[in-house]
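Colleague: My structure is in coords_26.tsv, and what it holds is TSV, C-alpha atoms:
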```tsv
chain	number	residue	atom	x	y	z
A	1	MET	CA	-10.58	-30.87	-3.95
A	2	LYS	CA	-7.36	-28.95	-4.44
A	3	ALA	CA	-4.38	-30.31	-2.52
A	4	VAL	CA	-2.80	-27.99	-0.01
A	5	GLU	CA	0.82	-27.21	-0.90
A	6	ALA	CA	3.35	-28.09	1.74
A	7	ARG	CA	5.02	-25.10	3.34
A	8	VAL	CA	8.78	-25.36	2.92
A	9	ARG	CA	10.55	-23.29	5.55
A	10	THR	CA	14.15	-22.50	4.65
A	11	LEU	CA	17.06	-21.34	6.77
A	12	VAL	CA	19.91	-19.52	5.04
A	13	LEU	CA	23.20	-19.43	6.96
A	14	VAL	CA	24.98	-16.31	5.71
A	15	ASP	CA	28.79	-16.36	5.61
A	16	VAL	CA	29.53	-18.04	8.94
A	17	GLN	CA	33.21	-18.24	8.00
A	18	ASN	CA	36.48	-18.06	9.90
A	19	ASP	CA	37.57	-14.68	8.56
A	20	PHE	CA	34.39	-13.08	9.97
A	21	LEU	CA	34.91	-14.51	13.45
A	22	PRO	CA	37.02	-13.00	16.26
A	23	GLY	CA	40.67	-13.29	15.22
A	24	GLY	CA	39.77	-13.42	11.51
A	25	ALA	CA	40.90	-11.04	8.80
A	26	LEU	CA	37.58	-9.17	8.83
A	27	ALA	CA	36.30	-10.00	12.29
A	28	ILE	CA	32.69	-9.10	13.10
A	29	PRO	CA	32.40	-8.22	16.79
A	30	ARG	CA	30.93	-11.19	18.68
A	31	GLY	CA	30.43	-12.99	15.39
A	32	ASN	CA	31.06	-16.32	17.09
A	33	GLU	CA	27.86	-15.89	19.08
A	34	VAL	CA	25.72	-16.76	16.06
A	35	ILE	CA	27.09	-20.30	15.84
A	36	PRO	CA	25.28	-22.02	18.74
A	37	LEU	CA	22.01	-20.42	17.68
A	38	ALA	CA	22.53	-21.52	14.08
A	39	ASN	CA	23.14	-25.07	15.26
A	40	ARG	CA	20.10	-25.05	17.52
A	41	LEU	CA	17.76	-23.72	14.84
A	42	GLN	CA	18.71	-25.95	11.92
A	43	PRO	CA	16.52	-28.94	12.95
A	44	ARG	CA	13.48	-26.62	12.97
A	45	PHE	CA	13.62	-26.16	9.19
A	46	ASP	CA	12.70	-28.25	6.17
A	47	LEU	CA	15.64	-26.94	4.15
A	48	VAL	CA	18.98	-25.45	5.21
A	49	VAL	CA	21.44	-23.81	2.81
A	50	ALA	CA	24.53	-21.66	3.29
A	51	THR	CA	26.26	-18.82	1.49
A	52	GLN	CA	30.04	-18.56	1.34
A	53	ASP	CA	32.17	-15.53	0.51
A	54	TRP	CA	34.70	-16.93	-1.99
A	55	HIS	CA	37.00	-14.24	-3.35
A	56	PRO	CA	39.85	-14.79	-5.79
A	57	SER	CA	43.19	-13.43	-4.65
A	58	GLY	CA	43.49	-9.75	-5.57
A	59	HIS	CA	39.73	-9.14	-5.59
A	60	GLY	CA	38.86	-5.58	-6.59
A	61	SER	CA	37.18	-4.94	-3.23
A	62	PHE	CA	40.43	-5.49	-1.32
A	63	ALA	CA	42.21	-2.37	-0.10
A	64	SER	CA	45.50	-4.13	-0.89
A	65	THR	CA	44.76	-3.74	-4.60
A	66	ARG	CA	44.57	0.07	-4.30
A	67	PRO	CA	47.98	1.65	-3.59
A	68	GLY	CA	47.71	4.31	-0.90
A	69	ARG	CA	44.21	3.31	0.18
A	70	LYS	CA	43.31	1.83	3.55
A	71	PRO	CA	40.73	-0.75	4.62
A	72	PHE	CA	37.23	0.64	5.20
A	73	GLU	CA	37.74	3.66	2.95
A	74	VAL	CA	35.12	4.01	0.21
A	75	ALA	CA	36.16	3.86	-3.43
A	76	GLU	CA	34.44	2.66	-6.62
A	77	LEU	CA	34.23	-0.78	-8.21
A	78	ALA	CA	32.24	-1.69	-11.31
A	79	GLY	CA	30.68	1.77	-11.25
A	80	LEU	CA	29.34	1.30	-7.72
A	81	PRO	CA	30.45	2.69	-4.35
A	82	GLN	CA	32.73	0.13	-2.74
A	83	VAL	CA	33.99	-0.24	0.82
A	84	LEU	CA	37.60	-1.35	0.59
A	85	TRP	CA	38.01	-4.43	2.77
A	86	PRO	CA	41.00	-6.23	4.23
A	87	ASP	CA	41.85	-9.33	2.20
A	88	HIS	CA	39.37	-11.94	3.41
A	89	CYS	CA	37.74	-15.24	2.46
A	90	VAL	CA	40.28	-15.88	-0.29
A	91	GLN	CA	39.43	-19.03	-2.22
A	92	GLY	CA	40.97	-22.12	-0.64
A	93	SER	CA	42.30	-20.27	2.41
A	94	PRO	CA	41.55	-21.30	6.02
A	95	GLY	CA	39.77	-17.98	6.48
A	96	ALA	CA	37.25	-18.86	3.79
A	97	GLU	CA	36.26	-22.11	5.50
A	98	PHE	CA	33.09	-22.37	7.52
A	99	ALA	CA	33.50	-22.07	11.28
A	100	PRO	CA	34.56	-25.50	12.59
A	101	GLU	CA	31.87	-25.38	15.30
A	102	LEU	CA	29.11	-24.78	12.72
A	103	GLU	CA	27.13	-27.96	12.09
A	104	MET	CA	27.01	-28.61	8.35
A	105	ASN	CA	25.36	-32.03	8.14
A	106	ARG	CA	21.92	-30.52	7.48
A	107	VAL	CA	23.17	-28.02	4.88
A	108	GLU	CA	21.90	-29.24	1.51
A	109	ALA	CA	23.66	-26.72	-0.73
A	110	ILE	CA	26.33	-24.02	-0.56
A	111	PHE	CA	26.18	-20.91	-2.74
A	112	ARG	CA	29.46	-19.09	-3.28
A	113	LYS	CA	29.58	-15.38	-3.96
A	114	GLY	CA	32.16	-12.70	-4.63
A	115	THR	CA	33.90	-14.90	-7.19
A	116	ASP	CA	34.14	-12.20	-9.88
A	117	PRO	CA	37.21	-10.00	-9.16
A	118	ALA	CA	35.59	-7.06	-10.93
A	119	ILE	CA	32.52	-6.70	-8.65
A	120	ASP	CA	31.68	-7.43	-5.04
A	121	SER	CA	28.74	-9.54	-3.92
A	122	TYR	CA	27.15	-8.98	-0.53
A	123	SER	CA	23.87	-10.73	-1.34
A	124	GLY	CA	23.64	-14.49	-1.47
A	125	PHE	CA	21.44	-14.14	-4.56
A	126	PHE	CA	23.24	-11.65	-6.85
A	127	ASP	CA	26.38	-9.56	-7.18
A	128	ASN	CA	26.11	-5.93	-6.11
A	129	GLY	CA	25.15	-4.81	-9.60
A	130	HIS	CA	22.54	-7.56	-10.04
A	131	ARG	CA	24.37	-8.65	-13.17
A	132	LYS	CA	24.85	-12.31	-12.31
A	133	SER	CA	22.89	-14.73	-10.16
A	134	THR	CA	24.41	-17.24	-7.76
A	135	GLY	CA	21.58	-19.66	-8.48
A	136	LEU	CA	20.20	-19.49	-4.93
A	137	GLY	CA	16.87	-17.99	-5.96
A	138	ASP	CA	16.17	-20.64	-8.59
A	139	TYR	CA	17.26	-23.37	-6.20
A	140	LEU	CA	14.89	-22.23	-3.45
A	141	LYS	CA	11.97	-21.85	-5.84
A	142	GLY	CA	12.70	-25.28	-7.28
A	143	ARG	CA	12.52	-26.74	-3.80
A	144	GLY	CA	9.18	-25.05	-3.14
A	145	ALA	CA	10.54	-22.62	-0.56
A	146	ARG	CA	8.22	-19.81	0.45
A	147	ASP	CA	9.41	-18.69	3.86
A	148	VAL	CA	13.10	-17.78	4.03
A	149	TYR	CA	14.81	-17.14	7.38
A	150	LEU	CA	18.25	-15.54	7.45
A	151	LEU	CA	20.97	-15.43	10.07
A	152	GLY	CA	24.71	-14.91	10.12
A	153	LEU	CA	27.29	-12.26	9.27
A	154	ALA	CA	27.08	-9.40	8.90
A	155	THR	CA	23.68	-7.89	9.68
A	156	ASP	CA	24.47	-4.58	7.99
A	157	TYR	CA	26.06	-6.05	4.85
A	158	CYS	CA	25.64	-9.59	3.56
A	159	VAL	CA	22.64	-10.49	5.71
A	160	LYS	CA	20.85	-7.27	4.82
A	161	PHE	CA	21.42	-7.49	1.08
A	162	THR	CA	20.46	-11.17	1.02
A	163	ALA	CA	17.23	-10.32	2.84
A	164	LEU	CA	16.41	-7.44	0.50
A	165	ASP	CA	16.93	-9.64	-2.57
A	166	ALA	CA	14.84	-12.41	-1.05
A	167	ARG	CA	11.96	-9.96	-0.73
A	168	LYS	CA	12.43	-8.75	-4.32
A	169	LEU	CA	12.22	-12.37	-5.47
A	170	GLY	CA	8.90	-12.80	-3.69
A	171	PHE	CA	9.88	-14.86	-0.65
A	172	ARG	CA	8.36	-14.22	2.75
A	173	THR	CA	11.55	-13.16	4.47
A	174	PHE	CA	12.54	-13.22	8.13
A	175	LEU	CA	15.67	-11.92	9.87
A	176	VAL	CA	16.67	-13.94	12.93
A	177	GLN	CA	17.99	-10.86	14.67
A	178	ASP	CA	19.64	-12.40	17.72
A	179	ALA	CA	21.47	-14.93	15.51
A	180	SER	CA	23.11	-12.21	13.41
A	181	ARG	CA	25.88	-9.74	14.18
A	182	GLY	CA	26.90	-6.55	12.40
A	183	ALA	CA	30.14	-4.92	11.27
A	184	GLU	CA	28.99	-1.49	12.51
A	185	LEU	CA	31.64	0.46	10.61
A	186	ARG	CA	29.69	3.57	11.61
A	187	PRO	CA	27.66	3.87	14.81
A	188	GLY	CA	24.04	2.98	14.10
A	189	ASP	CA	24.70	0.93	10.95
A	190	VAL	CA	22.99	-2.15	12.36
A	191	VAL	CA	19.92	-0.21	13.51
A	192	ARG	CA	19.66	1.42	10.09
A	193	ALA	CA	20.07	-1.93	8.34
A	194	VAL	CA	17.30	-3.53	10.39
A	195	GLN	CA	15.00	-0.60	9.65
A	196	GLU	CA	15.77	-0.85	5.92
A	197	MET	CA	14.86	-4.53	6.01
A	198	LYS	CA	11.63	-3.80	7.88
A	199	ASP	CA	10.73	-1.11	5.34
A	200	ALA	CA	11.20	-3.69	2.56
A	201	GLY	CA	8.80	-6.11	4.25
A	202	VAL	CA	11.25	-8.31	6.13
A	203	THR	CA	9.85	-9.64	9.41
A	204	ILE	CA	12.19	-9.43	12.40
A	205	VAL	CA	12.11	-12.49	14.67
A	206	GLN	CA	14.14	-13.91	17.54
A	207	SER	CA	15.39	-17.47	17.79
A	208	VAL	CA	13.09	-18.32	20.70
A	209	GLN	CA	10.05	-17.49	18.54
A	210	ILE	CA	11.13	-20.03	15.93
A	211	ALA	CA	11.44	-22.76	18.56
A	212	GLN	CA	7.98	-21.89	19.90
A	213	ASN	CA	6.42	-21.85	16.43
A	214	ALA	CA	7.92	-25.24	15.65
A	215	ARG	CA	6.30	-26.70	18.77
A	216	ASN	CA	2.95	-25.22	17.75
A	217	ASP	CA	3.00	-26.45	14.12
```
Please express the file's structure as structure tokens.
Modeller:
Amino acid sequence: MKAVEARVRTLVLVDVQNDFLPGGALAIPRGNEVIPLANRLQPRFDLVVATQDWHPSGHGSFASTRPGRKPFEVAELAGLPQVLWPDHCVQGSPGAEFAPELEMNRVEAIFRKGTDPAIDSYSGFFDNGHRKSTGLGDYLKGRGARDVYLLGLATDYCVKFTALDARKLGFRTFLVQDASRGAELRPGDVVRAVQEMKDAGVTIVQSVQIAQNARND
């Protein structure tokens, strides 16, 4: 009789860092609201990992590296369209640290991204050109992960691209919608991002559903 494989449910905490919180260099509106939900959900999962934006000083995505350009204008980097961001999550800076209220004792591994100054990296799996891997995909597959749940910052950028890559890599992928917040540089960006994820096969869930499912398992 063939043994039934254990289902490894994974939670990915996407970029819950100081610079993305209110008062940070690239503050996501109400970004702090994801933290209590992230803490509450972690015990419901077999595996918890985190991604961390980790830019070198002078990263090519920073508006400060383009004389005469302003944050949130669109330029080009590595042959790709690039939003020019305020300097944020610079390696070793307080802004790059995880939010102090975020519980990290269950986080088994941290995957840093945006480390190459010549290309940005929204996804926790690859840079924006899919030229280099962070190792997250291989790590999850090595741990037997099948179901990947995502929450964090920002819904319309790093969360979205991490979810899309998770689907491309064959994971059953879930967005914890109420535990994510968006940058919303243009009105409707978050709605469009959620629809793009749905169209790619990402399932949209709320935190209360995860708690209920855990009780029913």
Colleague: List as number ranges by chain the protein and nucleic acid residues near segment 112-128 of chain A, meaning an atom at most 9 Å away when all atoms listed in the file are counted, but skip any in the same chain fewer than 5 places from it.
Modeller: A: 14-15, 50-61, 77-78, 80, 82, 91, 133-137, 157-166
Colleague: Which residues are near segment 143-153 of chain A? Cut-off 9 Å, only C-alpha atoms, ignore same chain within fewer than 3 positions. Put them as a PyMOL selection string.
Modeller: chain A and resi 5-17+20-21+28+31+34-35+38+47+138-140+156-159+162-163+166+170-183
Colleague: Skipping near chain neighbours, those fewer than 6 positions away, what residues fall within 8 Å of Pro86 of chain A using all atoms listed in the file, listed as a list in words?
Modeller: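 Here the answer would be Ala25, Leu26, Phe62, Ala63, Ser64, Pro71 and Phe72 of chain A.
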Colleague: Looking at all atoms listed in the file, which of A:Leu84, A:Ala200, A:Ala99, A:Cys89 is the one that sits closest to Pro36 of chain A?
Modeller: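 The closest residue to Pro36 of chain A is A:Ala99.
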Colleague: Counting all atoms listed in the file, which residue out of A:Glu108, A:Asp189, A:Glu196, A:Glu184 sits closest to Arg30 of chain A?
Modeller: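 With all atoms listed in the file as the atom set, the closest residue is A:Glu184.
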Colleague: Could you list, as a VMD selection string, every residue within 7 Å of Asn18 of chain A, counting all atoms listed in the file and ignoring same-chain residues fewer than 3 positions away?
Modeller: chain A and resid 21 24 95 to 99
Colleague: What does the distance between atom CA of Phe111 of chain A and atom CA of Arg40 of chain A come to in Å, to one decimal place?
Modeller: 21.6 Å
Colleague: Rank nothing, just name the residue among A:Gln195, A:Ser207, A:Asn105, A:Ser93 nearest to Leu37 of chain A, using all atoms listed in the file.
Modeller: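 Counting all atoms listed in the file, the residue closest to Leu37 of chain A is A:Ser207.
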Colleague: To one decimal in Å, tell me the separation between atom CA of Val194 of chain A and atom CA of Thr155 of chain A.
Modeller: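 Distance reported for this atom pair: 7.8 Å.
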Colleague: Please report the interatomic distance between atom CA of Gln212 of chain A and atom CA of Arg106 of chain A in Å with one decimal.
Modeller: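 Separation between atom CA of Gln212 of chain A and atom CA of Arg106 of chain A: 20.6 Å.
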Colleague: Which residue, A:Val205, A:Ala211, A:Leu102, A:Val107, has the smallest gap to Glu33 of chain A when you use all atoms listed in the file?
Modeller: A:Leu102
Colleague: Between A:Glu101, A:Ala27, A:Arg167, A:Pro43, which is the closest to His88 of chain A once you count all atoms listed in the file?
Modeller: A:Ala27
